[in-house]
>>> print(open('data28.cif').read())   # mmCIF, C-alpha atoms and all ligand atoms
data_data
#
loop_
_atom_site.label_atom_id
_atom_site.label_comp_id
_atom_site.auth_asym_id
_atom_site.auth_seq_id
_atom_site.Cartn_x
_atom_site.Cartn_y
_atom_site.Cartn_z
CA MET D 1 -8.47 13.12 -2.44
CA THR D 2 -5.70 12.06 -4.79
CA THR D 3 -6.06 14.87 -7.32
CA ASP D 4 -2.66 16.37 -6.45
CA LEU D 5 -0.88 13.01 -6.65
CA VAL D 6 1.71 12.95 -9.45
CA ILE D 7 2.87 9.48 -10.53
CA GLU D 8 6.05 9.24 -12.58
CA ARG D 9 8.42 6.51 -13.74
CA PHE D 10 11.33 6.24 -11.31
CA ASP D 11 14.35 8.14 -12.51
CA PRO D 12 17.30 7.67 -10.13
CA ALA D 13 19.00 10.73 -11.56
CA ALA D 14 16.04 12.90 -10.59
CA ALA D 15 14.62 11.25 -7.50
CA GLY D 16 17.66 9.39 -6.18
CA PHE D 17 17.54 6.18 -4.22
CA ALA D 18 17.68 7.84 -0.79
CA ARG D 19 14.09 9.01 -0.87
CA CYS D 20 12.81 5.56 -1.86
CA HIS D 21 14.97 4.01 0.80
CA ASP D 22 13.48 6.27 3.50
CA LEU D 23 10.02 5.26 2.36
CA LEU D 24 10.79 1.53 2.39
CA VAL D 25 12.42 1.70 5.81
CA ALA D 26 9.45 3.61 7.28
CA SER D 27 7.04 1.09 5.81
CA GLN D 28 9.06 -1.88 7.03
CA LEU D 29 9.15 -0.47 10.55
CA ALA D 30 5.34 -0.31 10.47
CA ASP D 31 4.66 -3.66 8.84
CA ARG D 32 7.63 -5.92 9.64
CA PRO D 33 9.18 -4.51 12.80
CA GLY D 34 12.19 -6.31 14.20
CA GLU D 35 13.67 -7.29 10.83
CA PRO D 36 16.92 -5.66 9.72
CA PRO D 37 16.24 -2.91 7.16
CA LEU D 38 17.56 -3.11 3.61
CA PRO D 39 20.68 -0.92 3.40
CA LEU D 40 20.56 1.95 0.91
CA ALA D 41 23.51 0.60 -1.11
CA GLU D 42 21.83 -2.81 -1.46
CA LEU D 43 18.61 -1.19 -2.66
CA ALA D 44 20.51 0.80 -5.27
CA GLY D 45 22.38 -2.34 -6.36
CA ARG D 46 19.21 -4.41 -6.76
CA TRP D 47 17.48 -1.68 -8.66
CA THR D 48 20.40 -1.28 -11.00
CA ARG D 49 20.57 -5.02 -11.72
CA PRO D 50 17.61 -7.31 -10.87
CA LEU D 51 18.16 -10.44 -8.80
CA PRO D 52 18.30 -13.78 -10.67
CA GLY D 53 14.89 -15.05 -11.75
CA MET D 54 13.09 -11.75 -11.19
CA GLY D 55 12.92 -10.60 -14.82
CA THR D 56 13.05 -6.93 -15.74
CA ALA D 57 11.58 -4.35 -13.39
CA ALA D 58 9.92 -0.96 -13.68
CA ARG D 59 9.15 1.47 -10.90
CA TRP D 60 6.95 4.50 -10.45
CA LEU D 61 6.96 7.04 -7.67
CA GLY D 62 3.97 8.93 -6.35
CA PHE D 63 4.89 12.42 -5.26
CA ARG D 64 2.76 13.43 -2.36
CA GLY D 65 3.35 11.78 0.91
CA ASP D 66 5.73 9.37 -0.84
CA ALA D 67 4.60 6.20 -2.49
CA LEU D 68 6.27 3.61 -4.68
CA VAL D 69 5.07 0.87 -6.97
CA GLU D 70 7.51 -1.68 -8.25
CA VAL D 71 6.58 -4.19 -10.96
CA HIS D 72 8.70 -7.19 -11.85
CA PHE D 73 7.88 -8.64 -15.25
CA LEU D 74 8.71 -12.27 -14.54
CA GLU D 75 9.95 -14.37 -17.44
CA ALA D 76 9.82 -17.85 -19.01
CA GLU D 77 7.10 -20.00 -17.37
CA ASN D 78 5.98 -16.96 -15.33
CA SER D 79 5.64 -14.44 -18.13
CA GLY D 80 1.91 -14.02 -17.44
CA ILE D 81 2.59 -12.55 -13.98
CA GLY D 82 3.19 -8.93 -13.05
CA LEU D 83 4.76 -9.16 -9.62
CA THR D 84 3.66 -5.90 -8.04
CA HIS D 85 4.61 -4.27 -4.78
CA ILE D 86 2.98 -1.02 -3.68
CA VAL D 87 4.24 0.93 -0.69
CA VAL D 88 2.68 4.06 0.76
CA HIS D 89 4.41 5.93 3.57
CA PRO D 90 2.64 5.11 6.87
CA ALA D 91 1.91 8.83 7.38
CA ALA D 92 0.13 9.06 4.01
CA ARG D 93 -2.08 5.98 4.10
CA ARG D 94 -5.86 5.76 3.74
CA ALA D 95 -6.01 8.67 1.30
CA GLY D 96 -6.50 6.63 -1.86
CA ILE D 97 -2.83 6.71 -2.89
CA GLY D 98 -2.34 2.91 -2.88
CA GLY D 99 -5.36 2.44 -5.17
CA ALA D 100 -4.18 5.24 -7.47
CA MET D 101 -0.71 3.69 -7.73
CA LEU D 102 -2.24 0.34 -8.71
CA ARG D 103 -4.40 1.95 -11.39
CA ALA D 104 -1.38 3.83 -12.74
CA VAL D 105 0.53 0.64 -13.57
CA LEU D 106 -2.36 -1.31 -15.13
CA PRO D 107 -1.63 -0.08 -18.69
CA ALA D 108 2.00 -1.22 -18.46
CA LEU D 109 0.89 -4.60 -17.10
CA ARG D 110 -1.60 -5.04 -19.94
CA GLU D 111 0.92 -3.91 -22.53
CA ARG D 112 3.34 -6.60 -21.35
CA GLY D 113 0.63 -9.29 -21.51
CA ARG D 114 0.31 -9.80 -17.77
CA ARG D 115 -2.91 -11.68 -17.00
CA VAL D 116 -2.30 -11.90 -13.27
CA ILE D 117 -1.05 -9.45 -10.68
CA GLU D 118 0.60 -11.07 -7.67
CA GLY D 119 2.01 -9.35 -4.59
CA TRP D 120 4.38 -11.42 -2.48
CA GLN D 121 4.94 -9.07 0.41
CA VAL D 122 1.52 -8.64 1.94
CA VAL D 123 1.86 -9.29 5.67
CA ALA D 124 -1.08 -10.99 7.40
CA GLY D 125 -2.89 -8.73 9.84
CA THR D 126 -1.48 -5.48 8.41
CA ALA D 127 -2.94 -2.69 6.27
CA GLY D 128 -1.61 -4.49 3.17
CA GLU D 129 -3.94 -7.46 3.72
CA ARG D 130 -7.00 -5.24 4.21
CA TRP D 131 -6.08 -3.06 1.23
CA ALA D 132 -5.55 -6.09 -1.03
CA ALA D 133 -8.97 -7.48 -0.08
CA ALA D 134 -10.59 -4.08 -0.75
CA MET D 135 -8.91 -3.95 -4.19
CA GLY D 136 -10.33 -7.37 -5.13
CA PHE D 137 -7.22 -9.50 -4.64
CA ARG D 138 -7.64 -12.95 -3.11
CA PRO D 139 -5.09 -14.83 -1.00
CA VAL D 140 -3.48 -17.61 -3.07
CA ARG D 141 -0.53 -18.66 -0.97
CA THR D 142 0.70 -18.12 2.58
CA ILE D 143 4.38 -18.23 3.30
CA VAL D 144 6.24 -18.29 6.60
CA ARG D 145 9.31 -16.12 7.05
CA GLN D 146 11.94 -17.56 9.34
CA ALA D 147 15.27 -16.16 10.43
CA LEU D 148 18.33 -17.72 11.97
CA VAL D 149 19.72 -15.04 14.28
CA THR D 150 23.32 -16.12 14.74
CA ALA D 151 23.85 -14.45 18.14
CA GLU D 152 20.92 -16.41 19.58
CA THR D 153 21.80 -19.78 18.12
CA ASP D 154 23.36 -22.73 19.90
CA ARG D 155 25.82 -23.90 17.25
CA SER D 156 25.85 -27.46 18.56
CA ARG D 157 22.59 -27.82 16.60
CA TRP D 158 24.73 -27.88 13.49
CA ASP D 159 26.58 -31.06 14.52
CA VAL D 160 24.70 -33.22 12.06
CA PRO D 161 26.67 -36.08 10.53
CA VAL D 162 25.95 -37.09 6.95
CA GLY D 163 24.11 -40.43 6.65
CA ALA D 164 25.85 -43.64 5.56
CA GLY D 165 26.12 -43.90 1.78
CA TYR D 166 26.37 -40.13 1.22
CA ARG D 167 29.19 -37.58 1.21
CA LEU D 168 29.01 -33.81 1.33
CA LEU D 169 30.15 -31.58 -1.50
CA ARG D 170 30.13 -27.79 -1.45
CA TRP D 171 30.89 -25.11 -3.96
CA MET D 172 30.63 -21.39 -4.62
CA GLY D 173 29.36 -19.90 -7.85
CA ALA D 174 29.55 -22.88 -10.24
CA ALA D 175 28.54 -26.52 -9.81
CA PRO D 176 31.36 -28.98 -10.58
CA ASP D 177 30.85 -30.53 -14.03
CA ALA D 178 30.77 -34.01 -12.47
CA VAL D 179 27.46 -33.31 -10.68
CA LEU D 180 25.96 -30.67 -12.99
CA ASP D 181 23.34 -32.90 -14.63
CA SER D 182 22.20 -34.60 -11.43
CA TYR D 183 22.21 -31.24 -9.60
CA ALA D 184 19.98 -29.71 -12.32
CA ALA D 185 17.58 -32.66 -12.01
CA LEU D 186 17.68 -32.33 -8.21
CA ARG D 187 16.80 -28.63 -8.40
CA GLY D 188 13.61 -29.80 -10.13
CA ALA D 189 12.61 -31.54 -6.87
CA ILE D 190 11.57 -28.09 -5.65
CA HIS D 191 8.46 -28.68 -7.81
CA ASP D 192 7.16 -30.83 -4.96
CA ALA D 193 7.06 -27.73 -2.74
CA PRO D 194 3.44 -26.50 -2.65
CA LEU D 195 2.60 -23.22 -4.37
CA GLY D 196 -1.01 -22.97 -3.21
CA GLN D 197 -3.16 -21.26 -5.84
CA SER D 198 -0.43 -18.93 -6.99
CA ASP D 199 0.05 -18.71 -10.75
CA TYR D 200 3.80 -18.82 -10.16
CA ARG D 201 5.55 -21.92 -11.48
CA TRP D 202 8.93 -23.16 -10.29
CA PRO D 203 11.61 -23.00 -12.98
CA GLU D 204 12.07 -26.05 -15.24
CA TRP D 205 15.68 -26.75 -14.37
CA THR D 206 18.17 -27.98 -16.95
CA SER D 207 21.97 -27.95 -16.87
CA ALA D 208 21.94 -24.93 -19.21
CA ARG D 209 19.54 -23.09 -16.91
CA VAL D 210 21.73 -23.82 -13.89
CA ARG D 211 24.70 -22.31 -15.72
CA ALA D 212 22.64 -19.28 -16.84
CA THR D 213 21.42 -18.65 -13.28
CA GLU D 214 24.95 -18.98 -11.90
CA ALA D 215 26.08 -16.38 -14.45
CA GLU D 216 23.19 -14.05 -13.46
CA ALA D 217 24.18 -14.36 -9.80
CA ARG D 218 27.80 -13.53 -10.62
CA ALA D 219 26.73 -10.50 -12.65
CA GLN D 220 24.72 -9.24 -9.66
CA GLY D 221 27.76 -9.80 -7.41
CA LEU D 222 25.96 -12.44 -5.34
CA GLU D 223 28.06 -14.97 -3.48
CA GLN D 224 26.14 -18.16 -4.15
CA ARG D 225 27.02 -21.08 -1.89
CA ILE D 226 25.72 -24.62 -2.34
CA VAL D 227 26.05 -27.57 0.01
CA ALA D 228 25.01 -30.87 -1.58
CA ALA D 229 24.81 -34.46 -0.37
CA VAL D 230 26.10 -36.83 -3.03
CA HIS D 231 24.88 -40.42 -3.18
CA GLU D 232 28.11 -42.39 -3.14
CA ARG D 233 26.95 -45.40 -5.14
CA THR D 234 25.65 -43.40 -8.11
CA GLY D 235 27.73 -40.22 -7.73
CA GLU D 236 24.54 -38.18 -8.11
CA ALA D 237 23.52 -35.12 -6.11
CA ALA D 238 20.71 -36.22 -3.79
CA ALA D 239 20.10 -33.12 -1.64
CA PHE D 240 21.16 -29.48 -1.75
CA THR D 241 20.70 -26.14 -0.09
CA GLU D 242 21.57 -22.70 -1.44
CA VAL D 243 22.50 -19.51 0.39
CA CYS D 244 23.32 -16.16 -1.19
CA VAL D 245 25.27 -13.32 0.38
CA HIS D 246 24.54 -9.99 -1.24
CA PRO D 247 27.50 -7.78 -2.13
CA ARG D 248 26.44 -4.73 -0.14
CA ARG D 249 24.97 -6.55 2.84
CA PRO D 250 27.78 -8.37 4.66
CA ASP D 251 25.74 -9.04 7.84
CA TRP D 252 22.79 -10.75 6.17
CA ALA D 253 22.29 -13.85 4.02
CA TYR D 254 19.33 -15.29 2.17
CA GLN D 255 18.59 -18.98 2.34
CA ARG D 256 17.12 -19.90 -1.05
CA ASP D 257 16.02 -23.33 -2.31
CA THR D 258 16.57 -26.56 -0.39
CA ALA D 259 15.48 -29.87 -1.90
CA VAL D 260 16.00 -33.58 -1.41
CA ALA D 261 15.37 -35.92 -4.37
CA ALA D 262 12.30 -38.10 -3.78
CA ALA D 263 14.30 -41.35 -3.55
CA HIS D 264 16.49 -39.94 -0.77
CA ARG D 265 13.91 -38.36 1.53
CA GLY D 266 13.41 -39.31 5.17
CA ARG D 267 17.17 -39.78 5.84
CA GLY D 268 17.90 -36.44 7.49
CA LEU D 269 19.68 -35.05 4.42
CA GLY D 270 17.76 -31.75 4.43
CA ARG D 271 18.75 -31.00 8.00
CA CYS D 272 22.31 -32.17 7.32
CA VAL D 273 22.96 -29.91 4.30
CA LYS D 274 21.42 -26.93 6.11
CA ALA D 275 23.54 -27.52 9.21
CA HIS D 276 26.73 -27.79 7.17
CA MET D 277 25.79 -24.66 5.26
CA ALA D 278 25.38 -22.71 8.51
CA ARG D 279 28.79 -23.89 9.74
CA TRP D 280 30.56 -23.19 6.46
CA LEU D 281 28.95 -19.79 5.96
CA LEU D 282 29.54 -18.50 9.47
CA GLY D 283 33.03 -20.00 9.62
CA GLU D 284 34.02 -17.89 6.63
CA ARG D 285 31.72 -14.93 7.25
CA PRO D 286 31.48 -14.39 11.01
CA ALA D 287 29.88 -10.96 10.47
CA ILE D 288 26.61 -12.52 9.31
CA ALA D 289 24.01 -11.84 11.97
CA TRP D 290 20.81 -12.90 10.26
CA ILE D 291 19.95 -15.66 7.74
CA SER D 292 16.51 -15.14 6.28
CA THR D 293 14.30 -17.70 4.53
CA THR D 294 10.72 -18.21 3.36
CA THR D 295 8.71 -21.42 3.02
CA GLY D 296 5.13 -22.28 2.03
CA ALA D 297 3.01 -22.33 5.22
CA GLU D 298 1.83 -25.89 4.53
CA ASN D 299 5.40 -27.17 4.10
CA ALA D 300 5.61 -28.49 7.67
CA HIS D 301 8.78 -30.54 7.06
CA MET D 302 10.84 -27.60 5.82
CA ILE D 303 9.57 -25.32 8.58
CA ARG D 304 10.52 -27.93 11.18
CA VAL D 305 13.99 -28.42 9.66
CA ASN D 306 14.52 -24.66 9.82
CA ARG D 307 13.36 -24.54 13.42
CA GLU D 308 15.74 -27.36 14.32
CA SER D 309 18.59 -25.34 12.80
CA ALA D 310 17.39 -22.56 15.15
CA SER D 311 15.42 -20.38 12.75
CA ARG D 312 12.74 -18.38 14.47
CA ARG D 313 9.48 -17.31 12.92
CA CYS D 314 9.15 -13.69 11.80
CA ARG D 315 5.83 -11.93 11.64
CA ARG D 316 3.85 -13.10 8.59
C1 LIG B 1 -1.28 -1.45 1.27
C2 LIG B 1 -0.97 0.05 1.12
C3 LIG B 1 -0.17 0.21 -0.17
C4 LIG B 1 -2.30 0.81 1.00
O1 LIG B 1 -2.04 2.17 0.69
P1 LIG B 1 -3.15 3.31 0.98
O2 LIG B 1 -2.76 4.49 0.21
O3 LIG B 1 -3.32 3.45 2.46
O4 LIG B 1 -4.46 2.61 0.36
P2 LIG B 1 -5.81 3.32 -0.13
O5 LIG B 1 -5.97 4.61 0.59
O6 LIG B 1 -5.79 3.34 -1.62
O7 LIG B 1 -6.87 2.27 0.40
C5 LIG B 1 -7.94 1.79 -0.43
C6 LIG B 1 -8.89 0.93 0.41
O8 LIG B 1 -8.17 -0.20 0.94
C7 LIG B 1 -8.72 -0.51 2.26
N1 LIG B 1 -7.68 -0.28 3.28
C8 LIG B 1 -6.44 0.22 3.09
N2 LIG B 1 -5.77 0.25 4.28
C9 LIG B 1 -6.61 -0.24 5.20
C10 LIG B 1 -6.52 -0.47 6.60
N3 LIG B 1 -5.41 -0.17 7.29
N4 LIG B 1 -7.57 -1.01 7.26
C11 LIG B 1 -8.71 -1.30 6.58
N5 LIG B 1 -8.88 -1.10 5.26
C12 LIG B 1 -7.84 -0.59 4.57
C13 LIG B 1 -9.87 0.45 2.47
O9 LIG B 1 -11.04 -0.17 1.95
C14 LIG B 1 -9.44 1.64 1.62
O10 LIG B 1 -10.53 2.45 1.22
P3 LIG B 1 -11.12 3.54 2.28
O11 LIG B 1 -9.97 4.27 2.88
O12 LIG B 1 -11.99 4.39 1.41
O13 LIG B 1 -11.87 2.76 3.29
C15 LIG B 1 -0.19 0.59 2.36
O14 LIG B 1 -0.89 0.26 3.53
C16 LIG B 1 1.21 0.05 2.47
O15 LIG B 1 2.15 0.63 1.92
N6 LIG B 1 1.40 -1.10 3.16
C17 LIG B 1 2.73 -1.75 3.24
C18 LIG B 1 3.10 -2.41 1.92
C19 LIG B 1 2.10 -3.48 1.52
O16 LIG B 1 1.65 -4.27 2.31
N7 LIG B 1 1.76 -3.51 0.24
C20 LIG B 1 0.82 -4.49 -0.22
C21 LIG B 1 0.31 -4.19 -1.56
S1 LIG B 1 1.37 -4.94 -2.79
#
>>> encode(input="data28.cif", output="structure tokens")
Amino acid sequence: MTTDLVIERFDPAAAGFARCHDLLVASQLADRPGEPPLPLAELAGRWTRPLPGMGTAARWLGFRGDALVEVHFLEAENSGIGLTHIVVHPAARRAGIGGAMLRAVLPALRERGRRVIEGWQVVAGTAGERWAAAMGFRPVRTIVRQALVTAETDRSRWDVPVGAGYRLLRWMGAAPDAVLDSYAALRGAIHDAPLGQSDYRWPEWTSARVRATEAEARAQGLEQRIVAAVHERTGEAAAFTEVCVHPRRPDWAYQRDTAVAAAHRGRGLGRCVKAHMARWLLGERPAIAWISTTTGAENAHMIRVNRESASRRCRR
């Protein structure tokens, strides 16, 4: 059935971004209805310059009914993983195109030494889950998507004082030198967040890696905001949360890592830094309508903190 399917490397000059954007929006409407679609300009921006930590990317298009496969060749501790996302237009599904797209990228994955193919956008209960099972994939990790919809949120939830013995510190783009080392060590606390059976490994954070990631974010035009709680006695960063605003998406923000160092847990610092982040972000960027985040499904504490800050669960 797929004999007239032509699969080619994505060439923006020939195919343009608009066609891929139409495909992604149609697929999102089918599989993740209710979430704001990725604007065309943001798609083009991401494809021109990958987001921090995502490695280099390659894309192929299937011409017949529209299909796309995107592979991110992750780097450093994750260089064995080919992060692969296949999308077939809802009107063209169940004709063998998804399987053909997967087979088409296997040589490139092998060539780049990828032992494992992971897909991070398979939504439970949708065609993607059934297709993945039919192709021989097994579930390794379940994540929960949550969103804080600003119009629906009672902002008094963000009145969270910082606990005795701590003070709040916030910055955009570059950590102050005075907390750089303790902030890098604190970022490593994310290693306590469960990864299920995924082959993915959290980054090994060092001060140099923090600076490199900050530079990557700047190059991509991301506005990276950090709110940290500093332990007053030692002057060390004890908790932090990170939000990024993307340059071509002024009404949407992505809540990235949040972590509290082991010695400082159970004192409400996670909720406090998140609440202050929401206030700071929306105070300066009132146009933001939606703050999106993802968390491992077994990470009950983080999911509860998000719910208390008024994040609602998206379909997943
Ligand atoms: C997942 C997706 C790429 C599949 O594309 P497709 O072209 O429809 O897939 P195929 O035709 O190659 O399906 C191959 C097999 O998968 C299984 N399958 C696919 N969709 C299915 C569904 N909706 N229900 C049950 N089984 C399904 C079947 O066994 C099918 O073989 P069959 O049609 O002979 O029974 C498509 O549904 C999609 O774009 N979903 C949204 C994005 C996504 O979730 N991607 C996840 C992969 S990274």
>>> closest_residue(input="data28.cif", among="D:Ala219, D:Ala134, D:Ala58, D:Val230", to="ligand LIG 1 (chain B)", atoms="only C-alpha atoms and all ligand atoms")
D:Ala134
>>> closest_atom_pairs(input="data28.cif", of="chain D", to="ligand LIG 1 (chain B)", cutoff="8 Å", atoms="all atoms listed in the file", output="CSV")
residue,atom,partner,partner_atom,distance
D:Ser27,CA,B:LIG1,C17,5.8
D:Gln28,CA,B:LIG1,C17,7.4
D:Ala30,CA,B:LIG1,C17,7.8
D:Asp31,CA,B:LIG1,C17,6.2
D:Ala67,CA,B:LIG1,O15,7.5
D:Thr84,CA,B:LIG1,S1,5.8
D:His85,CA,B:LIG1,S1,3.9
D:Ile86,CA,B:LIG1,S1,4.3
D:Val87,CA,B:LIG1,O15,3.4
D:Val88,CA,B:LIG1,O15,3.7
D:His89,CA,B:LIG1,O15,6.0
D:Pro90,CA,B:LIG1,O15,6.7
D:Ala92,CA,B:LIG1,O2,6.6
D:Arg93,CA,B:LIG1,O3,3.3
D:Arg94,CA,B:LIG1,O5,3.4
D:Ala95,CA,B:LIG1,O5,4.1
D:Gly96,CA,B:LIG1,O5,3.2
D:Ile97,CA,B:LIG1,O2,3.8
D:Gly98,CA,B:LIG1,O2,3.5
D:Gly99,CA,B:LIG1,O6,3.7
D:Ala100,CA,B:LIG1,O6,6.4
D:Met101,CA,B:LIG1,O6,8.0
D:Glu118,CA,B:LIG1,S1,7.9
D:Gly119,CA,B:LIG1,S1,4.8
D:Trp120,CA,B:LIG1,S1,7.2
D:Gln121,CA,B:LIG1,O16,6.1
D:Val122,CA,B:LIG1,O16,4.4
D:Val123,CA,B:LIG1,O16,6.0
D:Thr126,CA,B:LIG1,N3,6.7
D:Ala127,CA,B:LIG1,N3,3.7
D:Gly128,CA,B:LIG1,O16,3.4
D:Glu129,CA,B:LIG1,O16,6.6
D:Arg130,CA,B:LIG1,N5,4.7
D:Trp131,CA,B:LIG1,O8,3.6
D:Ala132,CA,B:LIG1,C21,6.2
D:Ala133,CA,B:LIG1,C7,7.4
D:Ala134,CA,B:LIG1,O9,4.8
D:Met135,CA,B:LIG1,O8,6.4
>>> atom_distance(input="data28.cif", atom1="atom CA of D:Trp280", atom2="atom CA of D:Glu216")
23.1 Å
>>> residues_around(input="data28.cif", residues="D:Cys314", least_positions_apart="3", cutoff="10 Å", atoms="all atoms listed in the file", output="list in words")
Arg32, Pro33, Gly34, Glu35, Val144, Arg145, Gln146, Ala147, Ser292, Thr293, Thr294 and Ser311 of chain D
>>> axis_aligned_box(input="data28.cif", around="stretch 246-262 of chain D", padding_each_side="8 Å", output="AutoDock Vina command-line options")
--center_x 20.0 --center_y -21.4 --center_z 1.7 --size_x 31.5 --size_y 49.4 --size_z 28.2
